[in-house]
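For reference, the structure is listed below as structure tokens.
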Amino acid sequence: MNDIKKTYQKWLNSDKVSSEDKQILKSMSDEQIADAFFKDVEFGTAGMRGVLGPGTNRLNEFSVRKASVAFAKYVLEKYPNAKKDGIVISHDNRHFSREFTLLSAKTFNDFGIKTYIFDSLRPTPELSYAVRYMKACGGIMITASHNPKQYNGYKVYDEQGCQLVPHKIARLLEILDGLPCELDVDVIPCQNKGETIILGKDVDDTYVELVKQTQVNPQLTKKGFKIVYTPQHGTSYVNAMRIFNDLGYEVYPLLKQCSPDPDFSETLSPNPEEKAAYIEPIKYAKEIGAKLICMTDPDGDRVGLAALNKDGEYVLISGNQSAAMLIDYLFSQRKAKNMLSKNGVMYSTIVSSALGKKIAESYGVKTEEFLTGFKFIGEQIHYYEVNGGPDFEFGYEESYGCLVKPFVRDKDGLQAILLYCEMALYYDLSGKNLLEVYDDLQKRFGYHYDVTYSKAFEGPTGQTQMDKLMEGLHSNYPKFIGKRKVDKVEDYLVSKCIDLNTSITTRINLPTSDVVKLFLDDKSTITIRPSGTEPKCKFYVGALGVNEKNSKANAEEIYLDLKKLLSL
């Protein structure tokens, strides 16, 4: 606590800290001071993300400048032509996103590095595309994705338009750790400063055209199939509506959620994983008689769906469910058109539903699983391109993000939203809604219910509790979860898979991560991992059952039994 108070006092005494921020610091309680200063804001599974405000564990001009100095040093060390090739920067709608963009650009320019920025906000997937299009040596996306309004973040990308994977980011973190504290980081501009260039409309135009080319059945009659769309006050409105209008979709934007509002004033949540995000879109859909609701999250890399069922109700569709349906739709249509590779591969993550894998394999498509974070999928796409295959067919995460075509190396909400609408339209023309389509999949491949639970661990005390929870799991694997026997454990911290029945241990060929996955004797699974973006622990349950109701009951029972076991 002494170090916390000392650092807090340093901020109060610094002439670099604004009077407004000093007033915020002075108004903090001891608990708030501890949370703001007990550590430096960290790079997690999706870059650096944190609450806005003064403090070392916060996103502010000092933490952003320090990260930019580290990234500048990183690219100059790694890429001989970094100054000429440059860095692309984009941002979302959040508080200080534009300011952080300009601050980062200036920092890179001071190191002699050219920067490319957009004239206003753009979605994360377009940043990934722009890095590739401009042949830049890296990229920065200022965003907190779907987090609440008090957050912002800083994602770093390599020359492939892919977020930095652990073996790449390790050097960046070394450089970052070697810098002075954020208040003491100074940049002396080099003699030949870099310039900042506003990207032209060709980046938007070529990106949008490539998204349009992801269609499988562009000839479908769209008249009469009404769709409600909301960008949740975020980045995708202009591009999404341009695509929908160009292709003739009957889309009705929820206009009050279309302005890039950093306070998310007209939505209860900008996160497509939350029921609250759908309240206003459902109201509008009922007014106009829409058959489908779709939304992109604020930085435009994820998509949420709600479909109209036979009873006239709008039912939310999870990321695992929408991906499963899209896998079946894409692969069946590609197979019928002789477009499905005989050497294809689909990517998912260790916390994604087993259903997607079963569907892909039924079409002869190989599957590979990675840790949470789409950067691992992006890196593997590049690896196989360089080494002659297999051919990319699809990639997705359970958290509502997927990639259809790899001209982007991150989740792409615009590709996803276009293909989800096409898929829903295709089935509607044959007399089925998406709920019926998903039920058909369950009948073919078994009833799967996948759900994510989470528990918050706020502040330094919470961090200690979460660390203790994970340490206990790593050191003493559970033998039973309630009445269910644990057959196998995958411990990603030590890269080992342990068969508890035979004691046979095999190696997991993935980067180490603070994750434990349990395989139960009824073929259910539960994965436990601390969030890489928020102070909470996540519990991913994948349960099987003889019907939908039974599989859901199994998932709930498994989680309740785990909570009891871990004293949560």
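Ordered as shown in the structure tokens, chains take letters A, B, and onward, while each chain numbers its residues from 1 and ligands are numbered from 1 in the order shown.
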Using backbone DSSP assignments, extract all alpha helix (DSSP H) residues from segment 364-470 of chain A; output them as a PyMOL selection string.
-> chain A and resi 375-386+413-429+434-445+459-470
Please return as JSON, numbers by chain: the residues of segment 252-323 of chain A that backbone DSSP assigns to strand (DSSP E).
-> {"A": [252, 253, 292, 293, 294, 295, 296, 303, 304, 305, 306, 307, 308, 314, 315, 316, 317]}
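Comparing A:Glu195, A:Asp204, A:Glu361, A:Glu174 by their smallest distance to Asp119 of chain A, the closest is A:Asp204 (using only C-alpha atoms).
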Do you know which residues are at most 8 Å from Ser97 of chain A counting only C-alpha atoms, after dropping those on the same chain fewer than 3 positions away, and could you put them as a ChimeraX atom specification?
-> /A:91-94,100-101,142-143,152
Using N, CA and C atoms, can you export the residues from the last selection as a JSON list (two decimals), in the first residue's frame?
[["chain", "number", "residue", "atom", "x", "y", "z"],
["A", 91, "HIS", "N", -9.49, 4.25, -34.97],
["A", 91, "HIS", "CA", -10.10, 4.38, -33.66],
["A", 91, "HIS", "C", -11.61, 4.21, -33.73],
["A", 92, "ASP", "N", -12.20, 3.96, -32.55],
["A", 92, "ASP", "CA", -13.65, 3.81, -32.45],
["A", 92, "ASP", "C", -14.29, 5.10, -31.95],
["A", 93, "ASN", "N", -15.49, 4.98, -31.38],
["A", 93, "ASN", "CA", -16.29, 6.14, -30.99],
["A", 93, "ASN", "C", -16.08, 6.59, -29.55],
["A", 94, "ARG", "N", -15.17, 6.01, -28.84],
["A", 94, "ARG", "CA", -15.10, 6.23, -27.40],
["A", 94, "ARG", "C", -14.46, 7.56, -27.02],
["A", 100, "PHE", "N", -6.25, 10.01, -28.58],
["A", 100, "PHE", "CA", -5.21, 8.99, -28.45],
["A", 100, "PHE", "C", -4.62, 8.63, -29.82],
["A", 101, "THR", "N", -5.46, 8.68, -30.85],
["A", 101, "THR", "CA", -4.98, 8.42, -32.21],
["A", 101, "THR", "C", -3.96, 9.48, -32.62],
["A", 142, "ILE", "N", -7.34, 2.02, -31.61],
["A", 142, "ILE", "CA", -7.76, 2.58, -30.33],
["A", 142, "ILE", "C", -9.21, 2.20, -30.11],
["A", 143, "THR", "N", -9.45, 1.25, -29.20],
["A", 143, "THR", "CA", -10.80, 0.75, -28.98],
["A", 143, "THR", "C", -10.86, -0.04, -27.68],
["A", 152, "ASN", "N", -11.38, 2.34, -22.50],
["A", 152, "ASN", "CA", -10.80, 2.45, -23.83],
["A", 152, "ASN", "C", -9.65, 1.47, -23.91]]
Would you work out the distance separating atom CA of Phe370 of chain A from atom CA of Ser348 of chain A, expressed in Å to one decimal?
->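 According to the coordinates, atom CA of Phe370 of chain A and atom CA of Ser348 of chain A are separated by 6.4 Å.
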If you measure from atom CA of Ile293 of chain A to atom CA of Val351 of chain A, what distance in Å do you get, rounded to one decimal?
->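 Atom CA of Val351 of chain A lies at a distance of 25.6 Å from atom CA of Ile293 of chain A.
Of the listed residues (A:Ser332, A:Ser318, A:Ser128, A:Ser269), A:Ser332 comes nearest to Ser362 of chain A; the distances count only C-alpha atoms.
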Near Pro189 of chain A, counting only C-alpha atoms, which residues have an atom at most 8 Å away, once you skip same-chain residues fewer than 6 positions from it, shown as a PyMOL selection string?
-> chain A and resi 109-112
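Across the model, the gap from atom CA of Val208 of chain A to atom CA of Asn245 of chain A is 12.0 Å.
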Go through A:Glu369, A:Asp297, A:Asp261, A:Asp522 one by one, measure the shortest atom-to-atom distance of each to Glu274 of chain A using only C-alpha atoms, and give the residue with the smallest value.
-> A:Asp297
List the neighbours of segment 523-527 of chain A out to 6 Å using only C-alpha atoms; skip same-chain residues closer than 5 positions along the sequence, and give me the result as a VMD selection string.
-> chain A and resid 516 to 518 539 to 543
Could you please take those selected residues and save C-alpha atoms as a compact mmCIF listing (two decimals), in the first residue's frame?
# COMPACT_ATOMS: atom_id res chain seq x y z
CA VAL A 516 -7.75 -25.07 -17.17
CA LYS A 517 -10.20 -27.17 -19.20
CA LEU A 518 -12.01 -30.13 -17.65
CA PHE A 539 -16.33 -20.14 -16.94
CA TYR A 540 -17.23 -21.72 -20.30
CA VAL A 541 -19.59 -24.68 -20.00
CA GLY A 542 -20.32 -26.95 -22.93
CA ALA A 543 -23.02 -29.51 -22.11
Residue neighbourhood Gly86 of chain A, 12 Å, only C-alpha atoms, exclusion window fewer than 6 positions, as number ranges by chain | A: 71-72, 75-76, 79-80, 105, 108-109, 111-117, 130-132, 134-140, 158-159, 194-197
If we count only C-alpha atoms, what is near Met141 of chain A at a cut-off of 10 Å, once residues fewer than 2 positions away on the same chain are taken out, given as an MDAnalysis selection string?
-> chainID A and resid 47 88:92 97 100:101 122:128 139 143:145 153:157 163 299
Residues of segment 282-320 of chain A within 10 Å of segment 224-228 of chain A: nearest atom pair and distance (Å, one decimal) for each, counting only C-alpha atoms, sorted by chain and number, as a tab-separated table?
residue	atom	partner	partner_atom	distance
A:Ile282	CA	A:Val228	CA	8.5
A:Tyr284	CA	A:Val228	CA	7.5
A:Ala285	CA	A:Val228	CA	6.1
A:Lys286	CA	A:Val228	CA	9.8
A:Ile288	CA	A:Lys226	CA	8.0
A:Gly289	CA	A:Lys226	CA	7.1
A:Ala290	CA	A:Lys226	CA	4.5
A:Lys291	CA	A:Lys226	CA	5.8
A:Leu292	CA	A:Ile227	CA	4.9
A:Ile293	CA	A:Val228	CA	4.8
A:Cys294	CA	A:Val228	CA	6.3
A:Met295	CA	A:Val228	CA	8.3
A:Leu305	CA	A:Val228	CA	10.0
A:Ala306	CA	A:Val228	CA	9.7
A:Ala307	CA	A:Ile227	CA	9.7
Can those selected residues be exported to a file as a PDB file, in the first residue's frame so that it contains N, CA, C and O atoms?
ATOM      1  N   ILE A 282     -35.357  -4.793 -30.654  1.00  0.00           N
ATOM      2  CA  ILE A 282     -36.553  -5.642 -30.675  1.00  0.00           C
ATOM      3  C   ILE A 282     -37.814  -4.788 -30.742  1.00  0.00           C
ATOM      4  O   ILE A 282     -38.753  -5.103 -31.485  1.00  0.00           O
ATOM      5  N   TYR A 284     -38.126  -1.901 -32.163  1.00  0.00           N
ATOM      6  CA  TYR A 284     -38.226  -1.390 -33.536  1.00  0.00           C
ATOM      7  C   TYR A 284     -38.619  -2.505 -34.503  1.00  0.00           C
ATOM      8  O   TYR A 284     -39.422  -2.297 -35.416  1.00  0.00           O
ATOM      9  N   ALA A 285     -38.041  -3.691 -34.307  1.00  0.00           N
ATOM     10  CA  ALA A 285     -38.360  -4.820 -35.184  1.00  0.00           C
ATOM     11  C   ALA A 285     -39.838  -5.167 -35.125  1.00  0.00           C
ATOM     12  O   ALA A 285     -40.466  -5.492 -36.147  1.00  0.00           O
ATOM     13  N   LYS A 286     -40.418  -5.073 -33.938  1.00  0.00           N
ATOM     14  CA  LYS A 286     -41.850  -5.357 -33.793  1.00  0.00           C
ATOM     15  C   LYS A 286     -42.687  -4.315 -34.524  1.00  0.00           C
ATOM     16  O   LYS A 286     -43.728  -4.635 -35.115  1.00  0.00           O
ATOM     17  N   ILE A 288     -41.953  -2.640 -37.262  1.00  0.00           N
ATOM     18  CA  ILE A 288     -41.902  -2.725 -38.727  1.00  0.00           C
ATOM     19  C   ILE A 288     -42.110  -4.142 -39.255  1.00  0.00           C
ATOM     20  O   ILE A 288     -42.166  -4.353 -40.466  1.00  0.00           O
ATOM     21  N   GLY A 289     -42.161  -5.132 -38.345  1.00  0.00           N
ATOM     22  CA  GLY A 289     -42.357  -6.507 -38.780  1.00  0.00           C
ATOM     23  C   GLY A 289     -41.110  -7.128 -39.386  1.00  0.00           C
ATOM     24  O   GLY A 289     -41.194  -7.883 -40.365  1.00  0.00           O
ATOM     25  N   ALA A 290     -39.967  -6.854 -38.788  1.00  0.00           N
ATOM     26  CA  ALA A 290     -38.707  -7.415 -39.294  1.00  0.00           C
ATOM     27  C   ALA A 290     -38.591  -8.892 -38.928  1.00  0.00           C
ATOM     28  O   ALA A 290     -39.126  -9.342 -37.913  1.00  0.00           O
ATOM     29  N   LYS A 291     -37.870  -9.628 -39.756  1.00  0.00           N
ATOM     30  CA  LYS A 291     -37.653 -11.051 -39.493  1.00  0.00           C
ATOM     31  C   LYS A 291     -36.311 -11.329 -38.834  1.00  0.00           C
ATOM     32  O   LYS A 291     -36.088 -12.421 -38.297  1.00  0.00           O
ATOM     33  N   LEU A 292     -35.418 -10.351 -38.890  1.00  0.00           N
ATOM     34  CA  LEU A 292     -34.078 -10.555 -38.340  1.00  0.00           C
ATOM     35  C   LEU A 292     -33.570  -9.256 -37.733  1.00  0.00           C
ATOM     36  O   LEU A 292     -33.823  -8.167 -38.265  1.00  0.00           O
ATOM     37  N   ILE A 293     -32.873  -9.369 -36.616  1.00  0.00           N
ATOM     38  CA  ILE A 293     -32.171  -8.241 -35.998  1.00  0.00           C
ATOM     39  C   ILE A 293     -30.688  -8.576 -36.012  1.00  0.00           C
ATOM     40  O   ILE A 293     -30.287  -9.690 -35.646  1.00  0.00           O
ATOM     41  N   CYS A 294     -29.883  -7.635 -36.459  1.00  0.00           N
ATOM     42  CA  CYS A 294     -28.438  -7.856 -36.414  1.00  0.00           C
ATOM     43  C   CYS A 294     -27.757  -6.597 -35.896  1.00  0.00           C
ATOM     44  O   CYS A 294     -28.232  -5.477 -36.114  1.00  0.00           O
ATOM     45  N   MET A 295     -26.650  -6.804 -35.197  1.00  0.00           N
ATOM     46  CA  MET A 295     -25.903  -5.665 -34.656  1.00  0.00           C
ATOM     47  C   MET A 295     -24.419  -5.947 -34.731  1.00  0.00           C
ATOM     48  O   MET A 295     -23.968  -7.090 -34.647  1.00  0.00           O
ATOM     49  N   LEU A 305     -27.143 -11.500 -33.219  1.00  0.00           N
ATOM     50  CA  LEU A 305     -28.359 -11.763 -33.994  1.00  0.00           C
ATOM     51  C   LEU A 305     -29.536 -12.086 -33.076  1.00  0.00           C
ATOM     52  O   LEU A 305     -29.367 -12.670 -32.007  1.00  0.00           O
ATOM     53  N   ALA A 306     -30.726 -11.723 -33.532  1.00  0.00           N
ATOM     54  CA  ALA A 306     -31.982 -12.187 -32.939  1.00  0.00           C
ATOM     55  C   ALA A 306     -32.929 -12.479 -34.091  1.00  0.00           C
ATOM     56  O   ALA A 306     -33.061 -11.665 -35.010  1.00  0.00           O
ATOM     57  N   ALA A 307     -33.573 -13.633 -34.049  1.00  0.00           N
ATOM     58  CA  ALA A 307     -34.444 -14.051 -35.154  1.00  0.00           C
ATOM     59  C   ALA A 307     -35.881 -14.202 -34.683  1.00  0.00           C
ATOM     60  O   ALA A 307     -36.150 -14.559 -33.533  1.00  0.00           O
TER      61      ALA A 307
END
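For the set A:Pro218, A:Gly55, A:Gly431, A:Gly389, the residue with the smallest atom-to-atom gap to Phe244 of chain A is A:Pro218, counting only C-alpha atoms.
Using only C-alpha atoms, the smallest distance between any of A:Arg529, A:Lys538, A:Arg98, A:His448 and Asn554 of chain A comes from A:His448.
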Which is closer to Gln442 of chain A than all the others in A:Ser513, A:Ser551, A:Ser341, A:Thr461, using only C-alpha atoms?
->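 Smallest distance to Gln442 of chain A is found for A:Ser551.
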